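Below: final-v7.txt (compact mmCIF, C-alpha atoms)
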# COMPACT_ATOMS: atom_id res chain seq x y z
CA MET A 1 -1.92 -13.28 -26.39
CA VAL A 2 -3.00 -16.87 -25.60
CA LYS A 3 -0.51 -19.52 -26.70
CA LYS A 4 -0.03 -23.26 -26.24
CA SER A 5 3.25 -25.16 -25.84
CA VAL A 6 5.06 -27.74 -23.73
CA VAL A 7 6.94 -26.43 -20.68
CA LYS A 8 10.66 -26.97 -21.30
CA LYS A 9 12.16 -25.53 -18.10
CA VAL A 10 10.99 -23.91 -14.85
CA GLU A 11 13.53 -22.25 -12.58
CA PHE A 12 12.99 -20.38 -9.31
CA LYS A 13 14.29 -16.82 -9.60
CA ASN A 14 13.52 -14.91 -6.40
CA THR A 15 10.80 -13.61 -4.09
CA TRP A 16 9.28 -10.16 -3.93
CA ASP A 17 6.63 -8.40 -1.81
CA ASN A 18 3.78 -6.30 -3.17
CA LYS A 19 2.57 -3.03 -1.61
CA GLU A 20 0.35 -4.92 0.84
CA GLY A 21 3.31 -7.03 2.00
CA LYS A 22 2.18 -10.26 0.30
CA THR A 23 5.11 -12.43 -0.82
CA PHE A 24 5.29 -13.64 -4.41
CA TYR A 25 7.62 -16.28 -5.85
CA ALA A 26 9.09 -15.47 -9.27
CA TYR A 27 9.91 -18.28 -11.69
CA LEU A 28 11.59 -18.19 -15.09
CA VAL A 29 9.56 -20.32 -17.50
CA GLU A 30 10.85 -21.53 -20.87
CA MET A 31 8.55 -23.16 -23.44
CA GLU A 32 9.49 -25.58 -26.24
CA ASN A 33 8.26 -23.08 -28.86
CA GLY A 34 10.98 -20.62 -27.76
CA ASP A 35 8.84 -18.35 -25.58
CA SER A 36 10.24 -17.50 -22.16
CA GLY A 37 9.27 -15.14 -19.41
CA GLU A 38 8.62 -14.62 -15.72
CA TYR A 39 5.70 -16.12 -13.81
CA SER A 40 4.86 -14.84 -10.32
CA SER A 41 3.05 -17.24 -8.02
CA ILE A 42 1.60 -16.84 -4.54
CA SER A 43 2.87 -20.35 -3.78
CA ASP A 44 6.47 -21.41 -3.24
CA SER A 45 5.60 -24.71 -4.91
CA GLN A 46 3.72 -23.54 -8.00
CA ASP A 47 2.04 -26.22 -10.10
CA LYS A 48 0.79 -24.22 -13.08
CA PHE A 49 3.93 -24.80 -15.17
CA VAL A 50 5.31 -28.35 -14.92
CA GLU A 51 8.20 -29.42 -17.13
CA GLY A 52 7.08 -31.75 -19.93
CA VAL A 53 3.40 -30.77 -19.70
CA GLU A 54 1.57 -28.90 -22.48
CA VAL A 55 -0.23 -25.78 -21.23
CA GLU A 56 -2.18 -22.80 -22.52
CA TYR A 57 -0.72 -19.55 -21.29
CA ASN A 58 -0.96 -15.79 -21.68
CA TYR A 59 2.21 -14.27 -23.10
CA SER A 60 2.77 -10.50 -22.85
CA GLN A 61 5.43 -7.83 -22.74
CA VAL A 62 5.20 -5.50 -19.72
CA GLY A 63 7.86 -2.80 -19.94
CA ASP A 64 11.21 -4.57 -20.08
CA TYR A 65 9.75 -7.86 -18.81
CA THR A 66 8.11 -10.72 -20.65
CA LYS A 67 5.33 -12.23 -18.55
CA ILE A 68 3.88 -15.74 -18.74
CA LYS A 69 0.66 -16.54 -16.87
CA PRO A 70 -1.59 -19.61 -16.91
CA HIS A 71 -4.60 -19.23 -19.21
CA TYR A 72 -7.93 -20.16 -17.65
CA ASN A 73 -10.88 -21.12 -19.83
CA ASN A 74 -14.29 -20.00 -18.66
CA PRO A 75 -15.83 -23.11 -17.05
CA SER A 76 -19.36 -21.70 -17.37
CA ASN A 77 -19.31 -22.78 -21.02
CA SER A 78 -21.76 -25.69 -21.43
CA ASN A 79 -19.17 -27.61 -23.48
CA TYR A 80 -16.67 -27.51 -20.62
CA SER A 81 -15.51 -30.87 -19.33
CA TYR A 82 -12.71 -31.96 -17.06
CA SER A 83 -10.36 -34.74 -18.08
CA LYS A 84 -7.78 -36.26 -15.77
CA PRO A 85 -4.18 -35.48 -16.78
CA SER A 86 -2.27 -38.27 -18.50
CA ASN A 87 -0.04 -40.71 -16.64
CA GLN A 88 2.96 -38.82 -18.02
CA SER A 89 1.67 -35.71 -16.26
CA ASP A 90 1.21 -37.72 -13.04
CA GLU A 91 4.82 -38.91 -13.29
CA GLN A 92 6.13 -35.39 -13.89
CA ILE A 93 4.22 -34.11 -10.87
CA ALA A 94 5.46 -36.99 -8.70
CA ARG A 95 9.05 -36.33 -9.79
CA SER A 96 8.65 -32.62 -9.04
CA VAL A 97 7.26 -33.39 -5.59
CA GLY A 98 10.04 -35.90 -4.96
CA ILE A 99 12.88 -33.59 -6.00
CA LYS A 100 11.48 -30.63 -4.03
CA ALA A 101 11.12 -32.69 -0.84
CA ALA A 102 14.53 -34.34 -1.33
CA VAL A 103 16.27 -30.99 -1.85
CA GLU A 104 14.70 -29.54 1.29
CA LEU A 105 15.68 -32.64 3.27
CA GLY A 106 19.16 -32.64 1.74
CA ILE A 107 19.76 -28.99 2.59
CA ALA A 108 18.61 -29.56 6.16
CA HIS A 109 20.98 -32.51 6.60
CA GLY A 110 23.91 -31.44 4.38
CA ALA A 111 23.41 -34.36 1.95
CA GLU A 112 25.43 -34.90 -1.22
CA LEU A 113 23.77 -34.54 -4.64
CA SER A 114 23.74 -38.32 -5.19
CA GLU A 115 21.88 -38.80 -1.89
CA ILE A 116 19.37 -36.09 -2.80
CA LEU A 117 18.69 -37.68 -6.19
CA GLU A 118 18.28 -41.15 -4.64
CA THR A 119 15.85 -39.73 -2.08
CA ALA A 120 13.90 -37.94 -4.84
CA LYS A 121 13.49 -41.23 -6.74
CA ILE A 122 12.33 -43.03 -3.59
CA ILE A 123 9.73 -40.33 -2.90
CA SER A 124 8.39 -40.17 -6.48
CA ASP A 125 8.24 -44.00 -6.70
CA PHE A 126 6.37 -44.05 -3.41
CA VAL A 127 3.87 -41.42 -4.61
CA LEU A 128 3.24 -43.25 -7.90
CA ARG A 129 3.29 -46.88 -6.84
CA ASP A 130 2.86 -48.15 -3.32
CA LYS A 131 3.96 -48.03 0.28
CA VAL A 132 7.12 -50.08 -0.28
CA VAL A 133 10.54 -48.60 -1.01
CA VAL A 134 13.76 -50.23 -2.13
CA THR A 135 17.01 -48.81 -0.76
CA ASN A 136 20.41 -50.45 -1.08
CA GLY A 137 18.74 -53.55 -2.55
CA GLU A 138 16.46 -54.04 0.48
CA THR A 139 12.66 -53.78 0.29
CA LYS A 140 11.16 -52.01 3.26
CA GLU A 141 7.57 -51.11 4.14
CA VAL A 142 6.98 -47.51 5.08
CA PRO A 143 5.15 -46.78 8.36
CA PHE A 144 2.75 -44.27 6.77
What would the structure in this file look like if it were written as C-alpha cells?
Amino acid sequence: MVKKSVVKKVEFKNTWDNKEGKTFYAYLVEMENGDSGEYSSISDSQDKFVEGVEVEYNYSQVGDYTKIKPHYNNPSNSNYSYSKPSNQSDEQIARSVGIKAAVELGIAHGAELSEILETAKIISDFVLRDKVVVTNGETKEVPF
C-alpha cells in the first residue's frame, strides 16, 4: 500500500547478509502518521528516509515484520518533472551528513558527546554555507 507522511525518526538497527553474501543495513523508520517498520538498504548511509522530510513509501506486512520501502513513481510518464528539494530538506541532509561524519570521527578519537555535536554543527554549516568555520569564537578558513 502506497502512503505519504513525514519521516519522524530513523534509527540504525543492524546488518544482515543475503544468500549471495551481499550486506544489507536495516533501519527502523517511524513516520508522523504512526506507521513504523523496517527498511533494508544496500548503503550504510541511506538517504531515502530523512527525518523531517515528507516521502511516499510502500507499507506492507511480511510475516511478523512490517516493511517500509521508498515508493518510486514511473518517470516515463509524460507529466513527470523533477523539482529540487526545499531548503529545509537541504538543511536536514546537511545535518545528517554532519552528525554521521562527526560520530565516526568522535568514535575514532574517543571524543565526548559535546565535542561530537560541535563538530557536527561545524560540518553541516560548512556544507550549507561556505568554506569558513567558527570554532571557539575564531573564524578560520578551511584548506579544502
Compute the distance from (14.7, -17.6, -22.0) to each atom, counting all atoms listed in the file, keep the residues with any atom at most 12 Å away, and return them as a list in words; use the coordinates of the file. Val7, Lys8, Lys9, Val10, Glu11, Tyr27, Leu28, Val29, Glu30, Met31, Glu32, Asn33, Gly34, Asp35, Ser36, Gly37, Glu38, Tyr65, Thr66, Lys67 and Ile68 of chain A
Using Å and a single decimal, report how far atom CA of A:Val55 sits from atom CA of A:Ser5.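 Those two atoms sit 5.8 Å apart.
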Between atom CA of A:Lys69 and atom CA of A:Met1, what is the distance in Å, rounded to a tenth?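 Result for atom CA of A:Lys69 versus atom CA of A:Met1: 10.4 Å, one decimal.
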I want to know what sits within 8 Å of A:Gln92, based on only C-alpha atoms, with residues of the same chain fewer than 6 positions away left out; could you give that as a ChimeraX atom specification? /A:50-53
Work out how far apart atom CA of A:Asp47 and atom CA of A:Ser60 are and give it in Å to one decimal. 20.3 Å
For a quick check of understanding, using all atoms listed in the file, which of A:Thr23, A:Gly98, A:Asn14, A:Ile107 has the smallest distance to A:Thr119?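 Smallest separation from A:Thr119 among the options: A:Gly98.
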Contact residues around A:Ile116 with all atoms listed in the file at 8 Å, ignoring same-chain residues under 5 positions, as a ChimeraX atom specification: /A:99,102-103,105-106,111
Option closest in space to A:Phe126, from A:Ala94, A:Asn73, A:Glu20, A:Lys48 [counting only C-alpha atoms]: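 So, comparing all the options, the nearest one is A:Ala94.
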Looking at only C-alpha atoms, which of A:Ile93, A:Arg129, A:Ala108, A:Ala120 is the one that sits closest to A:Gln46?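 Nearest candidate to A:Gln46 out of A:Ile93, A:Arg129, A:Ala108, A:Ala120: A:Ile93.
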Could you get me a file of stretch 92-103 of chain A with all heavy atoms, as a compact mmCIF listing (two decimals), in the first residue's frame, taken from the block above?
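In the end it all went to out-v8.txt:
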# COMPACT_ATOMS: atom_id res chain seq x y z
N GLN A 92 18.28 19.45 6.43
CA GLN A 92 18.18 18.14 7.09
C GLN A 92 19.27 17.21 6.58
O GLN A 92 19.89 16.48 7.36
CB GLN A 92 16.80 17.52 6.84
CG GLN A 92 15.67 18.23 7.54
CD GLN A 92 15.74 18.06 9.05
OE1 GLN A 92 16.28 17.10 9.56
NE2 GLN A 92 15.23 19.03 9.77
N ILE A 93 19.52 17.24 5.28
CA ILE A 93 20.55 16.38 4.70
C ILE A 93 21.92 16.81 5.22
O ILE A 93 22.74 15.97 5.61
CB ILE A 93 20.48 16.41 3.16
CG1 ILE A 93 19.19 15.73 2.70
CG2 ILE A 93 21.72 15.75 2.54
CD1 ILE A 93 18.87 15.93 1.23
N ALA A 94 22.18 18.12 5.24
CA ALA A 94 23.47 18.61 5.73
C ALA A 94 23.68 18.23 7.20
O ALA A 94 24.77 17.84 7.60
CB ALA A 94 23.57 20.12 5.56
N ARG A 95 22.63 18.33 8.00
CA ARG A 95 22.74 17.93 9.41
C ARG A 95 23.03 16.44 9.53
O ARG A 95 23.84 16.02 10.36
CB ARG A 95 21.47 18.28 10.16
CG ARG A 95 21.35 19.75 10.45
CD ARG A 95 20.14 20.04 11.32
NE ARG A 95 19.95 21.45 11.42
CZ ARG A 95 18.79 22.05 11.42
NH1 ARG A 95 17.68 21.34 11.35
NH2 ARG A 95 18.70 23.35 11.52
N SER A 96 22.35 15.64 8.71
CA SER A 96 22.56 14.19 8.74
C SER A 96 24.00 13.85 8.36
O SER A 96 24.64 13.01 9.00
CB SER A 96 21.59 13.48 7.78
OG SER A 96 20.27 13.65 8.21
N VAL A 97 24.50 14.50 7.32
CA VAL A 97 25.88 14.28 6.89
C VAL A 97 26.84 14.70 8.00
O VAL A 97 27.79 13.98 8.34
CB VAL A 97 26.18 15.06 5.59
CG1 VAL A 97 27.67 15.10 5.29
CG2 VAL A 97 25.42 14.46 4.42
N GLY A 98 26.57 15.87 8.59
CA GLY A 98 27.43 16.38 9.66
C GLY A 98 27.48 15.46 10.86
O GLY A 98 28.56 15.16 11.39
N ILE A 99 26.32 14.99 11.31
CA ILE A 99 26.29 14.14 12.51
C ILE A 99 26.94 12.79 12.23
O ILE A 99 27.68 12.28 13.06
CB ILE A 99 24.87 13.98 13.09
CG1 ILE A 99 24.93 13.43 14.51
CG2 ILE A 99 23.98 13.11 12.25
CD1 ILE A 99 25.46 14.35 15.53
N LYS A 100 26.71 12.23 11.03
CA LYS A 100 27.32 10.94 10.71
C LYS A 100 28.85 11.06 10.70
O LYS A 100 29.55 10.24 11.31
CB LYS A 100 26.83 10.42 9.36
CG LYS A 100 27.40 9.06 9.00
CD LYS A 100 26.81 8.55 7.71
CE LYS A 100 27.24 7.18 7.30
NZ LYS A 100 28.41 6.59 7.83
N ALA A 101 29.36 12.08 10.03
CA ALA A 101 30.82 12.27 9.97
C ALA A 101 31.39 12.55 11.36
O ALA A 101 32.44 12.02 11.72
CB ALA A 101 31.15 13.42 9.01
N ALA A 102 30.69 13.37 12.15
CA ALA A 102 31.18 13.72 13.49
C ALA A 102 31.19 12.50 14.41
O ALA A 102 32.12 12.32 15.20
CB ALA A 102 30.32 14.83 14.08
N VAL A 103 30.19 11.66 14.30
CA VAL A 103 30.14 10.44 15.13
C VAL A 103 31.30 9.52 14.77
O VAL A 103 31.99 9.00 15.65
CB VAL A 103 28.78 9.72 14.99
CG1 VAL A 103 28.84 8.32 15.56
CG2 VAL A 103 27.68 10.53 15.68
